[in-house]
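Undergrad: Pasting start10.txt here (compact mmCIF, C-alpha atoms):
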# COMPACT_ATOMS: atom_id res chain seq x y z
CA MET B 1 0.00 0.00 0.00
CA VAL B 2 1.50 3.33 -1.12
CA ALA B 3 0.91 6.34 1.10
CA GLU B 4 -0.12 9.71 -0.32
CA SER B 5 2.78 12.15 -0.85
CA LYS B 6 3.38 14.44 2.11
CA ILE B 7 2.50 17.79 0.57
CA LYS B 8 0.21 20.63 1.59
CA LYS B 9 -3.35 19.58 0.73
CA THR B 10 -6.56 21.53 0.37
CA SER B 11 -9.64 20.63 2.41
CA GLU B 12 -11.19 18.81 -0.55
CA GLU B 13 -7.97 16.94 -1.27
CA ILE B 14 -7.82 15.68 2.32
CA LYS B 15 -11.45 14.53 2.15
CA ASN B 16 -10.84 12.77 -1.18
CA ALA B 17 -7.67 11.16 0.17
CA ILE B 18 -9.59 9.79 3.17
CA LEU B 19 -12.39 8.47 0.96
CA ASN B 20 -9.81 6.93 -1.38
CA SER B 21 -8.12 5.16 1.55
CA LEU B 22 -11.46 3.62 2.54
CA LYS B 23 -12.01 2.06 -0.88
CA GLU B 24 -9.99 -0.88 0.40
CA GLY B 25 -12.45 -1.35 3.27
CA PRO B 26 -12.92 -0.03 6.82
CA LYS B 27 -9.91 1.43 8.59
CA THR B 28 -8.90 2.88 11.94
CA ILE B 29 -7.96 6.55 12.18
CA THR B 30 -4.32 5.48 12.55
CA GLU B 31 -4.46 3.40 9.35
CA ILE B 32 -6.05 6.28 7.44
CA SER B 33 -3.41 8.66 8.79
CA GLU B 34 -0.63 6.39 7.56
CA PHE B 35 -2.30 5.89 4.18
CA ILE B 36 -2.71 9.60 3.42
CA ASN B 37 0.41 10.67 5.35
CA SER B 38 -1.45 13.12 7.59
CA ASN B 39 -1.48 13.48 11.35
CA TRP B 40 -4.12 11.80 13.52
CA ILE B 41 -5.78 15.06 14.65
CA THR B 42 -6.28 16.31 11.09
CA VAL B 43 -7.75 13.00 9.98
CA GLU B 44 -10.14 12.88 12.92
CA GLU B 45 -11.29 16.44 12.20
CA TYR B 46 -12.07 15.65 8.56
CA LEU B 47 -13.72 12.35 9.39
CA LYS B 48 -16.18 14.29 11.56
CA LYS B 49 -16.98 16.51 8.57
CA LEU B 50 -17.38 13.51 6.28
CA LYS B 51 -19.73 11.93 8.83
CA GLU B 52 -21.88 15.06 8.82
CA GLU B 53 -21.90 14.97 4.99
CA ARG B 54 -22.94 11.29 5.12
CA GLU B 55 -19.85 10.18 3.23
CA VAL B 56 -18.50 7.92 5.97
CA VAL B 57 -19.89 5.88 8.87
CA GLU B 58 -18.21 5.28 12.21
CA ILE B 59 -18.61 1.55 12.81
CA VAL B 60 -16.41 1.18 15.89
CA SER B 61 -16.16 3.78 18.64
CA SER B 62 -14.25 2.80 21.74
CA PRO B 63 -11.44 4.23 23.88
CA LYS B 64 -9.07 1.81 22.16
CA MET B 65 -10.18 2.14 18.57
CA LYS B 66 -12.26 4.17 16.12
CA VAL B 67 -13.05 2.55 12.77
CA TYR B 68 -14.70 4.14 9.74
CA ARG B 69 -16.06 2.91 6.42
CA ARG B 70 -17.45 4.66 3.39
CA MET B 71 -21.22 5.06 3.24
CA ASP B 72 -21.13 3.52 -0.25
CA ASP B 73 -18.81 0.62 0.67
CA LEU B 74 -19.61 -2.16 -1.80
CA ALA B 75 -18.96 -5.01 0.65
CA PHE B 76 -22.13 -6.18 2.37
CA TYR B 77 -22.14 -4.78 5.94
CA GLY B 78 -18.84 -3.09 5.09
CA LEU B 79 -16.94 -6.24 6.05
CA PRO B 80 -13.13 -5.98 5.97
CA PHE B 81 -12.45 -8.35 3.07
CA SER B 82 -8.96 -8.19 1.60
CA LYS B 83 -8.09 -5.83 -1.24
CA GLU B 84 -7.68 -8.84 -3.56
CA ILE B 85 -11.15 -10.20 -2.79
CA ARG B 86 -12.71 -6.76 -3.23
CA GLU B 87 -10.95 -6.10 -6.53
CA ASP B 88 -11.59 -9.52 -8.07
CA THR B 89 -15.22 -9.69 -6.97
CA PHE B 90 -16.12 -6.21 -8.18
CA ALA B 91 -14.19 -6.73 -11.42
CA LEU B 92 -16.24 -9.87 -12.13
CA LEU B 93 -19.53 -8.11 -11.40
CA CYS B 94 -18.50 -5.24 -13.69
CA LEU B 95 -17.54 -7.65 -16.46
CA ILE B 96 -20.88 -9.47 -16.28
CA ALA B 97 -22.80 -6.18 -16.19
CA LYS B 98 -20.85 -4.88 -19.20
CA MET B 99 -21.40 -8.07 -21.23
CA TRP B 100 -25.09 -8.05 -20.22
CA ARG B 101 -25.46 -4.45 -21.48
CA GLU B 102 -23.73 -5.33 -24.75
CA ASN B 103 -26.16 -8.20 -25.30
CA ASN B 104 -29.37 -6.79 -23.78
CA GLY B 105 -28.95 -3.01 -23.88
CA LYS B 106 -29.36 -2.48 -20.13
CA ASN B 107 -27.93 -3.50 -16.77
CA PRO B 108 -29.12 -6.80 -15.26
CA PRO B 109 -31.37 -6.73 -12.16
CA ARG B 110 -29.25 -7.00 -8.99
CA THR B 111 -30.50 -10.45 -7.98
CA ILE B 112 -29.98 -11.91 -11.45
CA LEU B 113 -26.48 -10.40 -11.67
CA GLN B 114 -25.55 -12.15 -8.42
CA LYS B 115 -27.06 -15.48 -9.52
CA VAL B 116 -25.14 -15.39 -12.82
CA ALA B 117 -21.94 -14.47 -10.97
CA VAL B 118 -22.36 -17.29 -8.45
CA GLU B 119 -23.02 -19.88 -11.15
CA PHE B 120 -19.99 -18.70 -13.11
CA VAL B 121 -17.66 -18.77 -10.08
CA GLU B 122 -18.95 -22.23 -9.11
CA GLU B 123 -17.96 -23.48 -12.57
CA PHE B 124 -14.48 -21.94 -12.43
CA ARG B 125 -13.99 -21.91 -8.66
CA ASN B 126 -10.18 -22.18 -8.70
CA ASP B 127 -9.67 -19.25 -11.06
CA PHE B 128 -11.23 -16.39 -9.09
CA ARG B 129 -10.85 -14.98 -5.55
CA CYS B 130 -14.58 -14.39 -5.20
CA PRO B 131 -16.17 -15.91 -2.08
CA ILE B 132 -19.66 -17.39 -2.47
CA LEU B 133 -21.77 -16.72 0.61
CA ASN B 134 -25.28 -17.58 1.80
CA PHE B 135 -27.48 -14.52 2.30
CA HIS B 136 -31.14 -13.46 2.33
CA TYR B 137 -31.97 -14.76 -1.17
CA GLY B 138 -29.58 -17.65 -1.43
CA LYS B 139 -25.97 -17.63 -2.60
CA THR B 140 -24.29 -14.35 -3.47
CA LEU B 141 -20.85 -12.82 -3.84
CA ALA B 142 -19.35 -10.68 -1.08
CA LEU B 143 -19.89 -7.34 -2.82
CA ARG B 144 -22.74 -5.55 -4.53
CA TYR B 145 -22.50 -3.93 -7.96
CA ASP B 146 -22.61 -0.16 -8.45
CA GLN B 147 -22.12 1.20 -11.96
CA LYS B 148 -20.71 4.52 -10.73
CA PHE B 149 -17.49 2.69 -9.69
CA GLU B 150 -17.19 0.70 -12.92
CA ASN B 151 -14.48 2.95 -14.40
CA GLU B 152 -12.34 2.33 -11.33
CA CYS B 153 -12.47 -1.47 -11.36
CA LYS B 154 -9.56 -3.50 -12.65
CA LYS B 155 -9.83 -5.38 -15.93
CA LEU B 156 -10.53 -9.05 -15.35
CA LYS B 157 -8.90 -11.45 -17.80
CA ILE B 158 -10.94 -14.51 -18.73
CA THR B 159 -10.28 -17.35 -21.15
CA GLN B 160 -12.29 -18.05 -24.29
CA GLU B 161 -13.89 -21.00 -22.49
CA GLN B 162 -14.93 -18.75 -19.61
CA LYS B 163 -16.25 -16.07 -21.98
CA LYS B 164 -18.32 -18.67 -23.81
CA SER B 165 -19.74 -19.92 -20.51
CA LEU B 166 -20.57 -16.40 -19.36
CA LEU B 167 -22.30 -15.55 -22.64
CA GLY B 168 -24.32 -18.77 -22.29
CA LEU B 169 -25.43 -17.80 -18.78
CA ILE B 170 -26.39 -14.29 -19.93
CA GLU B 171 -28.46 -15.76 -22.75
CA GLU B 172 -30.13 -18.21 -20.36
CA TYR B 173 -31.02 -15.60 -17.75
CA LYS B 174 -31.84 -12.64 -20.00
CA ASP B 175 -35.65 -13.02 -19.91
CA TRP B 176 -35.92 -14.40 -16.38
CA SER B 177 -37.46 -12.69 -13.40
CA SER B 178 -35.57 -12.54 -10.11
CA SER B 179 -37.96 -15.18 -8.73
CA GLU B 180 -37.11 -17.56 -11.58
CA ALA B 181 -33.38 -16.99 -11.04
CA LYS B 182 -33.73 -17.77 -7.33
CA GLU B 183 -35.84 -20.83 -8.07
CA LYS B 184 -33.11 -22.28 -10.29
CA GLN B 185 -30.50 -21.83 -7.57
CA TYR B 186 -32.76 -23.25 -4.86
CA LYS B 187 -33.13 -26.52 -6.80
CA LYS B 188 -29.44 -27.27 -6.31
CA GLU B 189 -28.13 -29.62 -3.64
CA GLY B 190 -27.55 -27.86 -0.32
CA MET B 191 -30.21 -25.21 -0.94
CA GLU B 192 -33.13 -27.12 0.63
CA PHE B 193 -33.49 -24.60 3.47
CA TYR B 194 -34.08 -21.78 0.97
CA LYS B 195 -36.34 -23.86 -1.29
CA THR B 196 -38.52 -24.84 1.67
CA LYS B 197 -38.75 -21.20 2.77
CA GLU B 198 -40.10 -20.18 -0.66
CA GLU B 199 -42.66 -22.97 -0.55
CA LEU B 200 -43.71 -21.88 2.94
CA LEU B 201 -44.23 -18.28 1.81
CA ASP B 202 -46.49 -19.49 -1.00
CA LEU B 203 -48.51 -21.62 1.42
CA PHE B 204 -49.03 -18.77 3.91
CA SER B 205 -51.63 -17.33 1.52
CA SER B 206 -53.60 -20.57 1.44
CA ASP B 207 -55.94 -22.30 3.89
CA LYS B 208 -53.87 -25.50 3.83
CA ASP B 209 -53.03 -25.58 7.52
CA GLU B 210 -51.60 -29.08 7.54
CA GLU B 211 -49.32 -28.32 4.59
CA ILE B 212 -48.13 -25.11 6.27
CA THR B 213 -47.40 -27.13 9.42
CA ARG B 214 -45.52 -29.67 7.35
CA LYS B 215 -43.40 -26.97 5.69
CA ILE B 216 -42.51 -25.32 9.00
CA LEU B 217 -41.46 -28.69 10.39
CA GLU B 218 -39.53 -29.38 7.20
CA LEU B 219 -37.80 -26.04 7.59
CA SER B 220 -36.73 -27.09 11.08
CA VAL B 221 -35.24 -30.29 9.64
CA TYR B 222 -33.16 -28.28 7.15
CA TYR B 223 -32.18 -25.58 9.67
CA PRO B 224 -28.34 -25.22 9.42
CA SER B 225 -26.87 -26.67 12.61
CA GLU B 226 -23.97 -24.18 12.56
CA LEU B 227 -26.33 -21.23 13.03
CA SER B 228 -26.69 -21.71 16.77
CA GLU B 229 -26.96 -17.96 17.50
CA THR B 230 -30.38 -17.74 15.89
CA TYR B 231 -31.78 -21.19 16.64
CA GLU B 232 -33.65 -20.01 19.76
CA LEU B 233 -35.53 -17.45 17.64
CA PHE B 234 -36.41 -20.06 15.06
CA ASP B 235 -37.48 -22.53 17.73
CA LYS B 236 -39.80 -19.93 19.27
CA PHE B 237 -41.24 -19.14 15.85
CA GLU B 238 -41.88 -22.83 15.25
CA TYR B 239 -43.62 -23.18 18.63
CA CYS B 240 -45.89 -20.19 17.91
CA SER B 241 -46.61 -21.43 14.38
CA ILE B 242 -47.74 -24.91 15.38
CA ASN B 243 -50.05 -23.53 18.06
CA ILE B 244 -51.51 -20.87 15.76
CA LEU B 245 -52.20 -23.43 13.03
CA ASN B 246 -54.13 -25.47 15.59
CA ILE B 247 -56.48 -22.67 16.66
CA ASN B 248 -60.09 -23.76 16.29
CA LYS B 249 -61.64 -20.37 15.53
CA LYS B 250 -61.22 -19.60 11.83
CA ASP B 251 -61.21 -15.79 12.03
CA MET B 252 -58.79 -15.78 14.94
CA LYS B 253 -56.49 -18.20 13.15
CA LYS B 254 -56.52 -16.14 9.92
CA GLU B 255 -55.52 -13.01 11.82
CA TYR B 256 -52.68 -14.79 13.60
CA ILE B 257 -51.39 -16.42 10.40
CA GLN B 258 -51.04 -12.99 8.78
CA LYS B 259 -49.06 -11.84 11.81
CA LEU B 260 -47.00 -15.04 11.62
CA LYS B 261 -46.09 -14.36 7.98
CA GLU B 262 -44.88 -10.85 8.84
CA ILE B 263 -42.82 -12.09 11.77
CA PHE B 264 -41.33 -14.87 9.67
CA SER B 265 -39.81 -12.27 7.31
CA LEU B 266 -38.06 -10.69 10.30
CA VAL B 267 -36.87 -14.04 11.61
CA TRP B 268 -35.61 -15.04 8.16
CA ASP B 269 -33.63 -11.79 7.91
CA VAL B 270 -31.86 -12.54 11.21
CA ILE B 271 -31.14 -16.19 10.35
CA THR B 272 -29.72 -15.41 6.91
CA THR B 273 -27.65 -12.53 8.27
CA ASN B 274 -26.18 -15.06 10.70
CA ALA B 275 -25.53 -17.39 7.74
CA PHE B 276 -23.76 -14.60 5.84
CA PHE B 277 -21.40 -13.78 8.72
CA HIS B 278 -20.73 -17.47 9.36
CA GLU B 279 -19.69 -18.00 5.73
CA ALA B 280 -17.78 -14.70 5.47
CA GLU B 281 -15.55 -15.30 8.50
CA LYS B 282 -13.36 -17.85 6.73
CA TYR B 283 -12.38 -15.20 4.14
CA ILE B 284 -11.33 -12.55 6.66
CA GLU B 285 -7.61 -12.20 7.29
CA GLU B 286 -6.42 -12.82 10.83
CA ASP B 287 -5.44 -9.22 11.58
CA ARG B 288 -8.98 -8.09 10.61
CA LYS B 289 -10.85 -10.70 12.67
CA GLU B 290 -11.32 -8.38 15.66
CA LEU B 291 -12.98 -5.78 13.45
CA PHE B 292 -15.05 -8.45 11.70
CA ASN B 293 -16.30 -9.79 15.04
CA TYR B 294 -17.21 -6.31 16.20
CA ILE B 295 -19.29 -5.68 13.05
CA LYS B 296 -20.85 -9.14 13.29
CA ASN B 297 -21.76 -8.85 16.99
CA ASN B 298 -23.08 -5.32 16.61
CA THR B 299 -25.25 -6.30 13.63
CA MET B 300 -26.53 -9.56 15.08
CA ASN B 301 -27.27 -8.12 18.53
CA SER B 302 -29.24 -5.29 16.95
CA LYS B 303 -31.31 -7.59 14.73
CA ILE B 304 -31.97 -10.15 17.46
CA SER B 305 -32.98 -7.48 19.96
CA ASN B 306 -35.48 -6.11 17.43
CA VAL B 307 -37.13 -9.46 16.67
CA SER B 308 -36.94 -11.26 20.00
CA PRO B 309 -39.50 -9.06 21.87
CA ILE B 310 -41.97 -9.40 18.98
CA LEU B 311 -41.72 -13.17 19.09
CA GLU B 312 -41.90 -13.21 22.88
CA ASP B 313 -45.08 -11.11 22.78
CA LEU B 314 -46.63 -13.48 20.25
CA LYS B 315 -45.70 -16.48 22.37
CA SER B 316 -47.26 -14.84 25.43
CA GLU B 317 -50.45 -14.18 23.47
CA ILE B 318 -50.62 -17.79 22.29
CA ASP B 319 -49.92 -19.17 25.76
CA SER B 320 -52.69 -17.01 27.22
CA LEU B 321 -55.37 -18.30 24.83
CA PRO B 322 -58.04 -20.49 26.48
CA LEU B 323 -57.22 -24.15 26.00
CA GLU B 324 -60.55 -24.78 24.29
CA ASN B 325 -59.42 -22.50 21.42
CA ILE B 326 -56.53 -24.79 20.51
CA ASN B 327 -56.83 -28.34 19.27
CA LEU B 328 -54.35 -30.10 21.55
CA GLU B 329 -54.53 -33.34 19.59
CA THR B 330 -52.64 -31.73 16.74
CA SER B 331 -49.41 -31.62 18.70
CA ASP B 332 -49.23 -35.40 18.32
CA LYS B 333 -49.97 -35.03 14.62
CA SER B 334 -47.14 -32.54 14.32
CA LYS B 335 -44.74 -34.97 15.98
CA GLU B 336 -45.91 -37.69 13.61
CA LEU B 337 -45.35 -35.38 10.62
CA LEU B 338 -41.86 -34.53 11.86
CA ASN B 339 -40.99 -38.21 12.26
CA ARG B 340 -42.16 -38.88 8.72
CA LEU B 341 -40.04 -36.02 7.42
CA LEU B 342 -36.96 -37.21 9.29
CA ASN B 343 -37.44 -40.76 8.05
CA GLY B 344 -37.93 -39.53 4.51
CA LEU B 345 -34.71 -37.50 4.34
So, in terms of structure tokens, how does the structure I just supplied come out?
TA:
Amino acid sequence: MVAESKIKKTSEEIKNAILNSLKEGPKTITEISEFINSNWITVEEYLKKLKEEREVVEIVSSPKMKVYRRMDDLAFYGLPFSKEIREDTFALLCLIAKMWRENNGKNPPRTILQKVAVEFVEEFRNDFRCPILNFHYGKTLALRYDQKFENECKKLKITQEQKKSLLGLIEEYKDWSSSEAKEKQYKKEGMEFYKTKEELLDLFSSDKDEEITRKILELSVYYPSELSETYELFDKFEYCSINILNINKKDMKKEYIQKLKEIFSLVWDVITTNAFFHEAEKYIEEDRKELFNYIKNNTMNSKISNVSPILEDLKSEIDSLPLENINLETSDKSKELLNRLLNGL
């Protein structure tokens, strides 16, 4: 990393130098100072101005350390991926977007761009430093695409075989909706958790209570065992769901199912954020692990604290319902369904 030359800089030059230093990811004030060859006090002063102008975000503030990232950082959650991962991943996204424009006259939708990128990297996994991570809508790369940075990305060299493959993927996906692109990915081995979630969302709008129960139980079977941080939330959601689906009064049940669907979206967001951080950690260099863990813990604690009281309130409501409003026999049916699912997998 080459530091900026130590010359007298204008206010705008200092701001631009700070923003340029943060293109490689979040940094401490000390790291920024070294990068732009300015003293700590000056950097801190201009970081405050950049915060007010919504150009940077302070993501760590402690007596020991202050860390900042750009507001438009392309890495999801501003994670401190290496320069190589950032450059290669964004270069690939830019290449796909450029080839898509040349063939279709416009940029690809964000979800479809990520699905094409993931499928391409999976085919040529050893040739690119582009992590594939689980996130809200399935597998994705570690960065998002933003055309305004396209002129700054490095040129990615690909072979004729790779170009042919990429053109084939662009042709295949060009008329697809984002839902169709997700559906294709969810059919692959290892994506059962996501596929079941989509099926559950479709069923929420139906009156097929037993099928909804089955899907929720199936989702619990496919729940990733490594995501222990969010299992308690999911378990509570499952408990509320089974009881709600066994309410005898039709109008009451309908009202609760709508609430359940809304809460499920929140729970899913927390679970898949947990999945993203779990996958991302293996690509973070050792000297950036402390920062990674701070971002992870801060994000997860915030999301869990937002959802947990909502679920707890719902559970309290369900537990306070008169017993005659809930068909207790169905708990045995649910256990039987779960046993069938486990035996069938």
Undergrad: From the options B:Gln162, B:Thr230, B:Gly138, B:Asn37, which residue's atoms come nearest to Lys195 in chain B, counting only C-alpha atoms?
TA: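 Counting only C-alpha atoms, the residue closest to Lys195 in chain B is B:Gly138.
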Undergrad: Using all atoms listed in the file, can you tell me which of B:Asp146, B:Glu229, B:Glu172, B:Glu210 comes closest to Asn301 in chain B?
TA: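 Between B:Asp146, B:Glu229, B:Glu172, B:Glu210, the residue approaching Asn301 in chain B most closely is B:Glu229.
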Undergrad: So which residues touch Leu200 in chain B within 6 Å, counting only C-alpha atoms, skipping near sequence neighbours fewer than 3 positions away, as JSON, numbers by chain?
TA: {"B": [197, 203, 215]}
Undergrad: Keeping only C-alpha atoms, write the selected residues to a file as a PDB file, in the frame of the given file.
TA:
ATOM      1  CA  LYS B 197     -38.750 -21.200   2.770  1.00  0.00           C
ATOM      2  CA  LEU B 203     -48.510 -21.620   1.420  1.00  0.00           C
ATOM      3  CA  LYS B 215     -43.400 -26.970   5.690  1.00  0.00           C
TER       4      LYS B 215
END
Undergrad: Could you tell me which of B:Thr159, B:Thr89, B:Asn248, B:Ser21 comes closest to Leu321 in chain B if we count all atoms listed in the file?
TA: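 For Leu321 in chain B, the nearest of the candidates is B:Asn248.
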Undergrad: Which residue, B:Trp40, B:Tyr194, B:Tyr186, B:Tyr283, has the smallest gap to Leu141 in chain B when you use all atoms listed in the file?
TA: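 Of the candidates, the smallest distance to Leu141 in chain B is held by B:Tyr283.
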Undergrad: As a ChimeraX atom specification, please: the residues near Ile18 in chain B (cut-off 7 Å, all atoms listed in the file, same-chain neighbours under 4 positions excluded).
TA: /B:14,22,32,36
Undergrad: Please measure the separation of CA of Asp313 in chain B and CA of Tyr256 in chain B, giving the value in Å to one decimal.
TA: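 Interatomic distance, CA of Asp313 in chain B to CA of Tyr256 in chain B: 12.5 Å.
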Undergrad: Could you tell me how far CA of Gly168 in chain B lies from CA of Phe193 in chain B, in Å and to one decimal?
TA: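 For CA of Gly168 in chain B relative to CA of Phe193 in chain B, the distance reads 28.0 Å.
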Undergrad: Need the neighbours of (-21.6, -13.8, -4.4): which residues are at most 9 Å away, counting all atoms listed in the file, as a PyMOL selection string?
TA: chain B and resi 89+114-115+117-118+121+130-135+139-144
Undergrad: Out of B:Phe81, B:Glu232, B:Lys23, B:Lys163, which residue has the shortest atom-to-atom distance to Lys282 in chain B when counting only C-alpha atoms?
TA: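 Between B:Phe81, B:Glu232, B:Lys23, B:Lys163, the residue approaching Lys282 in chain B most closely is B:Phe81.
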Undergrad: For a quick check of your reading of the model, name the residues lying within 8 Å of the coordinate (-25.6, -15.2, 12.8), counting all atoms listed in the file, and write them as an mmCIF file with C-alpha atoms, in the coordinates of the input.
TA:
data_model
loop_
_atom_site.group_PDB
_atom_site.id
_atom_site.type_symbol
_atom_site.label_atom_id
_atom_site.label_comp_id
_atom_site.auth_asym_id
_atom_site.auth_seq_id
_atom_site.Cartn_x
_atom_site.Cartn_y
_atom_site.Cartn_z
ATOM 1 C CA LEU B 227 -26.330 -21.230 13.030
ATOM 2 C CA SER B 228 -26.690 -21.710 16.770
ATOM 3 C CA GLU B 229 -26.960 -17.960 17.500
ATOM 4 C CA THR B 230 -30.380 -17.740 15.890
ATOM 5 C CA VAL B 270 -31.860 -12.540 11.210
ATOM 6 C CA ILE B 271 -31.140 -16.190 10.350
ATOM 7 C CA THR B 272 -29.720 -15.410 6.910
ATOM 8 C CA THR B 273 -27.650 -12.530 8.270
ATOM 9 C CA ASN B 274 -26.180 -15.060 10.700
ATOM 10 C CA ALA B 275 -25.530 -17.390 7.740
ATOM 11 C CA PHE B 276 -23.760 -14.600 5.840
ATOM 12 C CA PHE B 277 -21.400 -13.780 8.720
ATOM 13 C CA HIS B 278 -20.730 -17.470 9.360
ATOM 14 C CA LYS B 296 -20.850 -9.140 13.290
ATOM 15 C CA MET B 300 -26.530 -9.560 15.080
#
Undergrad: Please compute the CA of Ser177 in chain B-CA of Ile112 in chain B distance, one decimal, in Å.
TA: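 Separation of CA of Ser177 in chain B and CA of Ile112 in chain B: 7.8 Å.
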Undergrad: Determine, counting all atoms listed in the file, which protein, DNA and RNA residues have an atom within 12 Å of an atom of Asn325 in chain B; residues of the same chain fewer than 4 positions away are not included. Present the result as an MDAnalysis selection string.
TA: chainID B and resid 243:253 318:321
Undergrad: Between B:Asp235, B:Asn104, B:Glu150, B:Thr196, which is the closest to Lys174 in chain B once you count only C-alpha atoms?
TA: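 Nearest to Lys174 in chain B: B:Asn104.
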Undergrad: For range 50-53 of chain B, please output as a list in words all residues within 12 Å (counting all atoms listed in the file; exclusion window: fewer than 5 positions along the same chain).
TA: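 Contacts, with the query itself left out: Ser11, Glu12, Ile14, Lys15, Asn16, Ala17, Ile18, Leu19, Val43, Glu44, Glu45, Glu58, Ile59, Tyr68, Arg69, Arg70 and Met71 of chain B.
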